[in-house]
Number of protein chains: 2
Amino acid sequence: MELPSKLLENAVNEMSQLPGIGKRTALRLVLHLLKQPVDQTQGLTAALASMRNDIQYCKECHTISDSDICGICSNLSRDKTIICVVEDVRDVMAIENTGMFKGVYHVLGGKISPIEGIGPSQLKINSLVEKVKNNAVSEIIFALSSTMEGDTTNFYIYKQIKDFTLKTSTIARGIAVGDELEYADEVTLGRSLLNRIPFEISIKQ
Amino acid sequence: MELPSKLLENAVNEMSQLPGIGKRTALRLVLHLLKQPVDQTQGLTAALASMRNDIQYCKECHTISDSDICGICSNLSRDKTIICVVEDVRDVMAIENTGMFKGVYHVLGGKISPIEGIGPSQLKINSLVEKVKNNAVSEIIFALSSTMEGDTTNFYIYKQIKDFTLKTSTIARGIAVGDELEYADEVTLGRSLLNRIPFEISIKQ
C-alpha cells in the first residue's frame with residue numbers, strides 16, 4: 001500500500017504494529033484522527049505516554065495499580081493465604097466480576113512461551129515461590145488458560161512448590177452454563193465427565 | 001468495566017474513541033503496549049502527534065500530500081481538465097491502483113451528512129465550483145459511494161455546475177467482475193441492466 005505522505009505512512013506503520021490492526025484499519029483510524037479536532041489526537045497521545053511511563057504495579061500481586069499495594073491486597077477482608085495465579089489484569093477483572101473469590105491474586109504478566117521468547121525469568125514466578133517458602137500460602141489456584149503455554153507455566157510453578165505443605169488446584173474446565181452439549185469440543189466434554197461433581201453439591205450452587 | 005488504575009482507564013477511554021474499537025479491544029491494545037518496550041509507545045505517540053500537527057494537503061485537489069502540490073496534480077502527463085470527485089485519500093489510492101485514470105482528483109474530505117452534522121461548507125466544494133467557473137474543466141466524474149449521503153453530495157455539486165458547458169458522469173454501478181448474479185442485491189442488478197453496454201465495447205475492455 002503506497003501512501004502519498006511520509007507523515008501518514010509513519011502513523012499508519014506505527015498503528016499497524018498493534019495486535020489485530022492491519023494497514024487498512026490503521027489508515028482508517030489515522031484518517032479519522034485527521035478529521036477530528038486536534039484535541040482528540042493530543043488526548044490520545046498524552047494518555048498513552050503517561051500510562052506507559054507512569055504506570056505502577058502492586059508490590060504484592062504485580063497487578064496494575066495506582067498505589068504501591070493494590071485495592072485487593074490491601075483489603076483486610078481478603079484471605080491472603082489463598083492465591084489465584086493469573087496471566088494479567090484482565091483475568092483479575094474477570095474473576096472479580098464473579099464476586100465468588102475472597103482470596104488474593106498473583107499476576108504472572110504472561111505465560112512461558114518459547115515461540116514468543118518468553119522464559120520463566122521474565123514472569124513474576126520467583127516472588128510467588130518466595131511466598132510459598134515463607135509459609136504464607138495455604139492454597140494456590142492455577143487459573144491460566146488451558147493452552148500449551150498455560151499448562152507449561154502451571155507445571156513449571158508446580159514443580160517448585162510441590163514439596164511444601166499447601167493445596168494446589170486448577171479452575172474447573174467443563175461445559176459453559178447454558179451451552180448445548182452437541183456444540184462442545186470433545187476435550188472439554190471429556191474433562192467435564194472425568195471431573196463430574198456430586199449432584200447434591202451442584203444443586204446448591 | 002471498572003479498571004484498577006486511573007492511568008490505564010484514561011488510555012483505554014481515549015483509545016476506545018477510535019471508530020470500531022470498543023473498551024475491551026482498547027484494553028487489549030493498551031496492555032500490549034505495556035508489555036512492549038517503551039520505544040514502541042513513544043514511536044506511536046510521536047508519529048500520531050507529528051502527523052496530526054504537520055500534515056499538509058495539496059492546494060489543488062486537497063488530498064494529503066507532503067508538498068504544496070501533490071504528485072498527481074504536479075504530473076504533467078495527467079489531464080487536468082478531467083476531474084474525479086472523491087471522498088478521501090483512500091479513494092484516490094484505490095483508483096490510482098487500477099491504473100485506468102489519467103485525469104486528476106478533487107478530494108471533498110467527506111460527504112454531506114446532516115446526521116453527523118457535516119454541511120456543504122465543511123467540504124471542499126467551493127474550490128471545485130471555482131475550477132468549473134474558470135472554464136478549466138471538461139468533465140467531472142462523480143465517484144462518491146452510492147449512499148444517501150453520497151447521492152446528496154453529488155446532487156448538491158451538480159446543481160451548482162449544471163449550467164456550465166462540461167460533461168458530468170458517475171462511475172458505473174453493476175455486478176462486480178467475477179461475482180455470481182444470484183448473490184447480487186436487486187438494486188445493483190437492476191442498475192446493471194438499465195446501464196447495459198454494447199457487447200462489442202465490453203469485449204474490448
# chains A, B, ... in the order shown; residues from 1 in each chain; ligands from 1
>>> residues_around(residues="Arg28 (chain B)", least_positions_apart="5", cutoff="12 Å", atoms="only C-alpha atoms", output="ChimeraX atom specification")
/A:18-21,88-91 /B:8,11-12,15-16,21-23,33-35
>>> write_last_selection(atoms="C-alpha atoms", output="PDB file, in the first residue's frame")
ATOM      1  CA  LEU A  18      -0.777  -3.074  17.427  1.00  0.00           C
ATOM      2  CA  PRO A  19      -2.203  -6.602  17.552  1.00  0.00           C
ATOM      3  CA  GLY A  20      -5.146  -7.232  15.224  1.00  0.00           C
ATOM      4  CA  ILE A  21      -4.717  -3.934  13.368  1.00  0.00           C
ATOM      5  CA  ASP A  88      -2.804 -10.447  33.508  1.00  0.00           C
ATOM      6  CA  VAL A  89      -5.066  -7.754  34.892  1.00  0.00           C
ATOM      7  CA  ARG A  90      -7.922  -8.750  32.583  1.00  0.00           C
ATOM      8  CA  ASP A  91      -8.143 -12.116  34.344  1.00  0.00           C
TER       9      ASP A  91
ATOM     10  CA  LEU B   8      -4.989   2.701  32.415  1.00  0.00           C
ATOM     11  CA  ALA B  11      -5.621   5.336  27.978  1.00  0.00           C
ATOM     12  CA  VAL B  12      -8.479   2.878  27.394  1.00  0.00           C
ATOM     13  CA  MET B  15      -8.259   4.534  22.581  1.00  0.00           C
ATOM     14  CA  SER B  16     -11.899   3.463  22.521  1.00  0.00           C
ATOM     15  CA  ILE B  21     -12.599  -0.007  18.851  1.00  0.00           C
ATOM     16  CA  GLY B  22     -14.609  -0.869  21.949  1.00  0.00           C
ATOM     17  CA  LYS B  23     -13.433  -0.819  25.555  1.00  0.00           C
ATOM     18  CA  LEU B  33       1.811  -1.556  24.660  1.00  0.00           C
ATOM     19  CA  LEU B  34       2.638  -2.055  28.352  1.00  0.00           C
ATOM     20  CA  LYS B  35       4.292  -5.388  27.586  1.00  0.00           C
TER      21      LYS B  35
END
>>> select_by_dssp(residues="region 31-172 of chain A", states="strand (DSSP E or B)", output="VMD selection string")
chain A and resid 56 to 57 64 to 65 79 to 86 103 to 107 113 118 139 to 142 167 to 170
>>> interface_residues(of="chain B", to="chain A", cutoff="6 Å", atoms="only C-alpha atoms", output="JSON, numbers by chain")
{"B": [4, 5, 7, 10, 11, 14, 44, 45, 47, 48, 51, 65, 66]}
>>> write_last_selection(atoms="N, CA and C atoms", output="PDB file, in the first residue's frame")
ATOM      1  N   PRO B   4      -8.494  -0.971  37.396  1.00  0.00           N
ATOM      2  CA  PRO B   4      -7.843  -0.757  38.682  1.00  0.00           C
ATOM      3  C   PRO B   4      -6.904   0.442  38.711  1.00  0.00           C
ATOM      4  N   SER B   5      -6.795   1.176  37.613  1.00  0.00           N
ATOM      5  CA  SER B   5      -5.836   2.287  37.585  1.00  0.00           C
ATOM      6  C   SER B   5      -6.370   3.415  36.720  1.00  0.00           C
ATOM      7  N   LEU B   7      -4.620   5.766  35.216  1.00  0.00           N
ATOM      8  CA  LEU B   7      -3.802   5.931  34.011  1.00  0.00           C
ATOM      9  C   LEU B   7      -4.264   4.960  32.930  1.00  0.00           C
ATOM     10  N   ASN B  10      -7.699   6.121  31.569  1.00  0.00           N
ATOM     11  CA  ASN B  10      -7.590   7.217  30.603  1.00  0.00           C
ATOM     12  C   ASN B  10      -7.163   6.702  29.241  1.00  0.00           C
ATOM     13  N   ALA B  11      -6.141   5.859  29.240  1.00  0.00           N
ATOM     14  CA  ALA B  11      -5.621   5.336  27.978  1.00  0.00           C
ATOM     15  C   ALA B  11      -6.704   4.530  27.253  1.00  0.00           C
ATOM     16  N   GLU B  14      -9.448   6.914  25.822  1.00  0.00           N
ATOM     17  CA  GLU B  14      -9.014   7.637  24.629  1.00  0.00           C
ATOM     18  C   GLU B  14      -8.954   6.694  23.432  1.00  0.00           C
ATOM     19  N   LEU B  44       4.755   5.393  18.506  1.00  0.00           N
ATOM     20  CA  LEU B  44       3.351   5.574  18.128  1.00  0.00           C
ATOM     21  C   LEU B  44       2.866   6.985  18.433  1.00  0.00           C
ATOM     22  N   THR B  45       3.124   7.449  19.666  1.00  0.00           N
ATOM     23  CA  THR B  45       2.613   8.772  20.033  1.00  0.00           C
ATOM     24  C   THR B  45       3.310   9.873  19.220  1.00  0.00           C
ATOM     25  N   ALA B  47       4.579   9.589  16.171  1.00  0.00           N
ATOM     26  CA  ALA B  47       4.101   9.547  14.784  1.00  0.00           C
ATOM     27  C   ALA B  47       2.709  10.153  14.670  1.00  0.00           C
ATOM     28  N   LEU B  48       1.838   9.843  15.630  1.00  0.00           N
ATOM     29  CA  LEU B  48       0.474  10.390  15.578  1.00  0.00           C
ATOM     30  C   LEU B  48       0.491  11.901  15.772  1.00  0.00           C
ATOM     31  N   MET B  51       2.032  13.681  12.722  1.00  0.00           N
ATOM     32  CA  MET B  51       1.105  13.609  11.594  1.00  0.00           C
ATOM     33  C   MET B  51      -0.014  14.622  11.764  1.00  0.00           C
ATOM     34  N   SER B  65      -0.738  15.286   1.262  1.00  0.00           N
ATOM     35  CA  SER B  65       0.482  15.365   0.464  1.00  0.00           C
ATOM     36  C   SER B  65       1.612  15.926   1.308  1.00  0.00           C
ATOM     37  N   ASP B  66       2.836  15.590   0.974  1.00  0.00           N
ATOM     38  CA  ASP B  66       3.963  16.164   1.725  1.00  0.00           C
ATOM     39  C   ASP B  66       4.420  17.496   1.147  1.00  0.00           C
TER      40      ASP B  66
END
